[in-house]
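Q: Provided herewith is a single structure, encoded as structure tokens, for subsequent inquiry.
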Amino acid sequence: MEKVFITGASRGIGFETAVQFAKNGYKVFALWHNAPENLENVSELDITAVQGDVSSLASMQNVHGIIGDVDILINNAAISHFGLVTDLTESEWDNTMNVNLKSVFNTAKVFLPGMINKKQGKIINISSIFGVVGGSCEVAYSTAKAGMIGFTKALAKEVGPSGIQVNCIAPGVIATEMNKRLSSEDLAALADETPLGRIGTPEEVARLALYLADDTFITGETINIGGGFML
């Protein structure tokens, strides 16, 4: 049974990804930071909740000591900050970079050696459409997500000879906790701006991650999944 480690898995896209992978026969290790939330109610699935802080290399090393090497690493943990860049504090910028971007270095640093030793493995990074096109009033978030795309492309070239695939998923507007700050009117407007005419679901993103986990020849790619939003 293949092992998958998913960060930011207590809710939203990460939680749904954990559920879908478990339903498809994977041994899932689901990382939570502040609260396990939905992970407390999945006893019927093969999901092990693990506490940790993706922004800390020491914390990820501790997690590795608990769960061991994995076959698939899914970097989903993220935070957002909405506001003008002139109002953004240094600590808010640093925190956004640490959670959204430094985290992918931390997890790769810890879990890549095992993949390299086995000459196989998959890394799937969950970026954002704003990492592709940028988002006004989300400069820090957009910058970190764009950095994740660059990280994906470079790492794919570095570890390809070791049989490891590294890809990126860039969701558009998805019905998650992160978008709950938006009013129903805002969400309706975003749906109208989406060629397919609706907001996406976490399950749709999870199914794309499952596809990449099963694929054997895609690497270094960023796949947009947003119903055509902003493309």
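Residues are named by chain letter and number: chains run A, B, ... in the order of the structure tokens, numbers start at 1 in each chain, and ligands are numbered from 1 in the order shown.
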Could you pull out the strand (DSSP E or B) residues of region 81-190 of chain A, going by DSSP on the backbone, and write them as a ChimeraX atom specification?
A: /A:121-126,164-171,174
Q: Could you write out that same residue set with all heavy atoms as a compact mmCIF listing (two decimals), in the first residue's frame?
A:
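Saved file again19.txt follows:
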# COMPACT_ATOMS: atom_id res chain seq x y z
N GLY A 121 8.86 8.26 -6.73
CA GLY A 121 8.11 9.11 -5.81
C GLY A 121 7.38 10.20 -6.57
O GLY A 121 7.70 10.49 -7.73
N LYS A 122 6.41 10.78 -5.91
CA LYS A 122 5.62 11.86 -6.51
C LYS A 122 5.52 13.01 -5.52
O LYS A 122 5.26 12.79 -4.33
CB LYS A 122 4.20 11.38 -6.85
CG LYS A 122 4.11 10.08 -7.65
CD LYS A 122 4.32 10.31 -9.11
CE LYS A 122 4.32 9.00 -9.88
NZ LYS A 122 3.01 8.31 -9.91
N ILE A 123 5.72 14.22 -6.01
CA ILE A 123 5.47 15.42 -5.22
C ILE A 123 4.44 16.26 -5.97
O ILE A 123 4.62 16.56 -7.15
CB ILE A 123 6.75 16.24 -4.98
CG1 ILE A 123 7.76 15.42 -4.17
CG2 ILE A 123 6.42 17.54 -4.25
CD1 ILE A 123 9.09 16.12 -3.97
N ILE A 124 3.35 16.59 -5.29
CA ILE A 124 2.28 17.39 -5.90
C ILE A 124 2.09 18.64 -5.05
O ILE A 124 1.75 18.55 -3.87
CB ILE A 124 0.97 16.58 -5.97
CG1 ILE A 124 1.18 15.29 -6.78
CG2 ILE A 124 -0.14 17.43 -6.58
CD1 ILE A 124 0.01 14.32 -6.69
N ASN A 125 2.35 19.78 -5.65
CA ASN A 125 2.24 21.06 -4.95
C ASN A 125 0.95 21.77 -5.33
O ASN A 125 0.66 21.93 -6.51
CB ASN A 125 3.44 21.95 -5.28
CG ASN A 125 4.76 21.34 -4.82
OD1 ASN A 125 4.84 20.78 -3.72
ND2 ASN A 125 5.79 21.45 -5.63
N ILE A 126 0.18 22.18 -4.32
CA ILE A 126 -1.06 22.89 -4.59
C ILE A 126 -0.78 24.39 -4.56
O ILE A 126 -0.63 24.99 -3.51
CB ILE A 126 -2.16 22.53 -3.57
CG1 ILE A 126 -2.29 21.01 -3.44
CG2 ILE A 126 -3.48 23.17 -3.99
CD1 ILE A 126 -2.68 20.29 -4.71
N ILE A 164 11.61 10.57 -9.96
CA ILE A 164 10.62 11.28 -9.16
C ILE A 164 9.92 12.34 -10.00
O ILE A 164 10.57 13.11 -10.70
CB ILE A 164 11.29 11.94 -7.93
CG1 ILE A 164 11.95 10.85 -7.07
CG2 ILE A 164 10.28 12.74 -7.12
CD1 ILE A 164 12.94 11.40 -6.07
N GLN A 165 8.61 12.37 -9.93
CA GLN A 165 7.82 13.35 -10.65
C GLN A 165 7.37 14.46 -9.70
O GLN A 165 6.94 14.19 -8.58
CB GLN A 165 6.59 12.69 -11.27
CG GLN A 165 6.92 11.67 -12.37
CD GLN A 165 5.74 10.75 -12.65
OE1 GLN A 165 5.72 9.62 -12.20
NE2 GLN A 165 4.76 11.26 -13.38
N VAL A 166 7.47 15.70 -10.17
CA VAL A 166 7.07 16.86 -9.36
C VAL A 166 6.14 17.72 -10.21
O VAL A 166 6.52 18.18 -11.28
CB VAL A 166 8.29 17.69 -8.92
CG1 VAL A 166 7.86 18.78 -7.93
CG2 VAL A 166 9.37 16.82 -8.32
N ASN A 167 4.93 17.90 -9.74
CA ASN A 167 3.95 18.68 -10.48
C ASN A 167 3.20 19.64 -9.57
O ASN A 167 3.26 19.54 -8.34
CB ASN A 167 2.95 17.75 -11.18
CG ASN A 167 3.58 17.03 -12.36
OD1 ASN A 167 3.94 17.65 -13.36
ND2 ASN A 167 3.72 15.71 -12.24
N CYS A 168 2.50 20.58 -10.21
CA CYS A 168 1.80 21.63 -9.48
C CYS A 168 0.36 21.71 -9.97
O CYS A 168 0.10 21.59 -11.17
CB CYS A 168 2.52 22.96 -9.75
SG CYS A 168 2.25 24.20 -8.51
N ILE A 169 -0.55 21.91 -9.04
CA ILE A 169 -1.95 22.15 -9.36
C ILE A 169 -2.27 23.59 -8.99
O ILE A 169 -1.93 24.04 -7.89
CB ILE A 169 -2.87 21.19 -8.59
CG1 ILE A 169 -2.63 19.74 -9.05
CG2 ILE A 169 -4.33 21.57 -8.76
CD1 ILE A 169 -3.38 18.71 -8.23
N ALA A 170 -2.90 24.31 -9.89
CA ALA A 170 -3.26 25.72 -9.64
C ALA A 170 -4.77 25.88 -9.67
O ALA A 170 -5.36 26.12 -10.73
CB ALA A 170 -2.60 26.63 -10.67
N PRO A 171 -5.43 25.73 -8.51
CA PRO A 171 -6.89 25.88 -8.47
C PRO A 171 -7.31 27.33 -8.71
O PRO A 171 -6.62 28.28 -8.34
CB PRO A 171 -7.25 25.44 -7.05
CG PRO A 171 -6.06 24.65 -6.55
CD PRO A 171 -4.89 25.31 -7.21
N ILE A 174 -12.36 28.08 -5.50
CA ILE A 174 -12.86 26.82 -4.98
C ILE A 174 -13.64 27.10 -3.69
O ILE A 174 -13.27 27.98 -2.91
CB ILE A 174 -11.70 25.83 -4.69
CG1 ILE A 174 -10.80 25.67 -5.93
CG2 ILE A 174 -12.24 24.48 -4.24
CD1 ILE A 174 -11.46 25.04 -7.14
Q: Report as an MDAnalysis selection string all protein, DNA and RNA residues lying within 6 Å of Val28 (chain A), evaluated on only C-alpha atoms, omitting residues in the same chain fewer than 6 positions from it.
A: chainID A and resid 3:4 47
Q: Identify all residues of region 55-188 of chain A in helix (DSSP H, G or I) (DSSP on the backbone) and supply them as a PyMOL selection string.
A: chain A and resi 57-67+85-87+90-118+129-133+139-162+177-179+184-188
Q: Calculated over only C-alpha atoms, which of the candidates A:Ser142, A:Ser162, A:Thr222, A:Ser10 has the smallest distance to Phe130 (chain A)?
A: A:Ser142
Q: What lies within 10 Å of region 87-90 of chain A using only C-alpha atoms, ignoring chain neighbours under 4 positions off, as a PyMOL selection string?
A: chain A and resi 81-83+94-96+137-140
Q: List the neighbours of Arg198 (chain A) out to 12 Å using only C-alpha atoms; skip same-chain residues closer than 6 positions along the sequence, and give me the result as a PyMOL selection string.
A: chain A and resi 172-175+187-192+226-229
Q: Include C-alpha atoms and write out the residues we just selected as a PDB file, in the first residue's frame.
A:
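What ended up in result39.pdb:
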ATOM      1  CA  GLY A 172      -9.118  28.787  -9.394  1.00  0.00           C
ATOM      2  CA  VAL A 173     -11.987  29.825  -7.136  1.00  0.00           C
ATOM      3  CA  ILE A 174     -12.857  26.815  -4.983  1.00  0.00           C
ATOM      4  CA  ALA A 175     -15.499  26.516  -2.257  1.00  0.00           C
ATOM      5  CA  LEU A 187     -19.027  34.453  -5.015  1.00  0.00           C
ATOM      6  CA  ALA A 188     -21.833  34.854  -7.529  1.00  0.00           C
ATOM      7  CA  ALA A 189     -19.781  37.464  -9.387  1.00  0.00           C
ATOM      8  CA  LEU A 190     -16.768  35.150  -9.444  1.00  0.00           C
ATOM      9  CA  ALA A 191     -18.939  32.346 -10.781  1.00  0.00           C
ATOM     10  CA  ASP A 192     -20.134  34.690 -13.524  1.00  0.00           C
ATOM     11  CA  GLY A 226     -10.581  26.667 -12.329  1.00  0.00           C
ATOM     12  CA  GLY A 227     -13.259  26.362 -14.953  1.00  0.00           C
ATOM     13  CA  GLY A 228     -11.331  28.800 -17.141  1.00  0.00           C
ATOM     14  CA  PHE A 229     -11.234  31.525 -14.467  1.00  0.00           C
TER      15      PHE A 229
END
Q: Residues of region 36-119 of chain A that approach region 18-24 of chain A to 10 Å or less, counting only C-alpha atoms: could you list each one with the shortest pair of atoms and its distance in Å to one decimal, rows by chain and increasing residue number, as a Markdown table?
A:
| residue | atom | partner | partner_atom | distance |
| --- | --- | --- | --- | --- |
| A:Leu39 | CA | A:Ala18 | CA | 9.2 |
| A:Val42 | CA | A:Val19 | CA | 8.2 |
| A:Glu44 | CA | A:Ala22 | CA | 9.8 |
| A:Leu45 | CA | A:Ala22 | CA | 6.1 |
| A:Asp46 | CA | A:Ala22 | CA | 5.7 |
| A:Ile47 | CA | A:Ala22 | CA | 6.5 |
| A:Thr48 | CA | A:Ala18 | CA | 9.6 |
| A:Ala49 | CA | A:Ala18 | CA | 10.0 |
| A:Ile74 | CA | A:Ala18 | CA | 9.7 |
Q: Taking only C-alpha atoms into account, which of A:Ser56, A:Ser128, A:Thr194, A:Asn75 comes nearest Ala30 (chain A)?
A: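 With only C-alpha atoms as the atom set, the closest residue is A:Asn75.
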Q: So which one's closest to Leu155 (chain A), A:Leu210, A:Ile66, A:Met230, A:Val104? Using only C-alpha atoms, please.
A: A:Val104
Q: What separation in Å, quoted to one decimal, exists between CA of Ile218 (chain A) and CA of Ala156 (chain A)?
A: 9.8 Å
Q: Give me the residues within 12 Å of Gly68 (chain A) as a compact mmCIF listing (two decimals) with N, CA and C atoms, in the first residue's frame, counting only C-alpha atoms and dropping any in the same chain fewer than 5 places off.
A:
# COMPACT_ATOMS: atom_id res chain seq x y z
N LYS A 3 2.02 5.05 0.57
CA LYS A 3 1.82 6.03 1.63
C LYS A 3 1.83 7.45 1.05
N VAL A 4 0.89 8.27 1.49
CA VAL A 4 0.82 9.65 1.03
C VAL A 4 0.77 10.57 2.25
N PHE A 5 1.53 11.64 2.20
CA PHE A 5 1.56 12.64 3.25
C PHE A 5 0.99 13.93 2.69
N PHE A 29 -1.44 9.95 5.61
CA PHE A 29 -1.01 10.69 6.79
C PHE A 29 -1.39 12.15 6.55
N MET A 60 9.00 19.28 10.68
CA MET A 60 8.84 18.30 9.61
C MET A 60 9.79 17.11 9.81
N GLN A 61 10.95 17.36 10.34
CA GLN A 61 11.85 16.25 10.67
C GLN A 61 11.25 15.36 11.74
N ASN A 62 10.58 15.97 12.70
CA ASN A 62 9.90 15.20 13.74
C ASN A 62 8.77 14.37 13.15
N VAL A 63 8.00 14.95 12.22
CA VAL A 63 6.92 14.22 11.57
C VAL A 63 7.48 13.03 10.80
N VAL A 110 13.01 16.87 3.82
CA VAL A 110 12.81 15.73 4.72
C VAL A 110 12.44 14.45 3.97
N PHE A 111 11.53 14.56 3.00
CA PHE A 111 10.99 13.35 2.38
C PHE A 111 11.66 12.94 1.07
N LEU A 112 12.41 13.84 0.44
CA LEU A 112 13.07 13.48 -0.83
C LEU A 112 14.12 12.38 -0.70
N PRO A 113 14.96 12.38 0.33
CA PRO A 113 15.99 11.34 0.40
C PRO A 113 15.43 9.92 0.29
N GLY A 114 14.31 9.65 0.93
CA GLY A 114 13.71 8.32 0.84
C GLY A 114 13.25 8.00 -0.57
N MET A 115 12.68 9.00 -1.26
CA MET A 115 12.25 8.80 -2.64
C MET A 115 13.45 8.55 -3.55
Q: Could you tell me how far CA of Ile129 (chain A) lies from CA of Asn224 (chain A), in Å and to one decimal?
A: 6.8 Å
Q: Provide the CA of Asn100 (chain A) to CA of Ser43 (chain A) distance in Å, to one decimal place.
A: 28.8 Å
Q: Within 6 Å of Trp32 (chain A), counting only C-alpha atoms, which residues show up once you throw out same-chain ones fewer than 5 positions away? Write them as a list of chain:residue names, please.
A: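 So, after excluding close chain neighbours, the residues are A:Gly8, A:Ala9, A:Ser10, A:Gln51.
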Q: Give the answer as one residue: which of A:Ala77, A:Leu182, A:Val99, A:Val85 has the shortest atom-to-atom distance to Gly14 (chain A), using only C-alpha atoms?
A: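 Looking only at the distances to Gly14 (chain A), the closest residue turns out to be A:Ala77.
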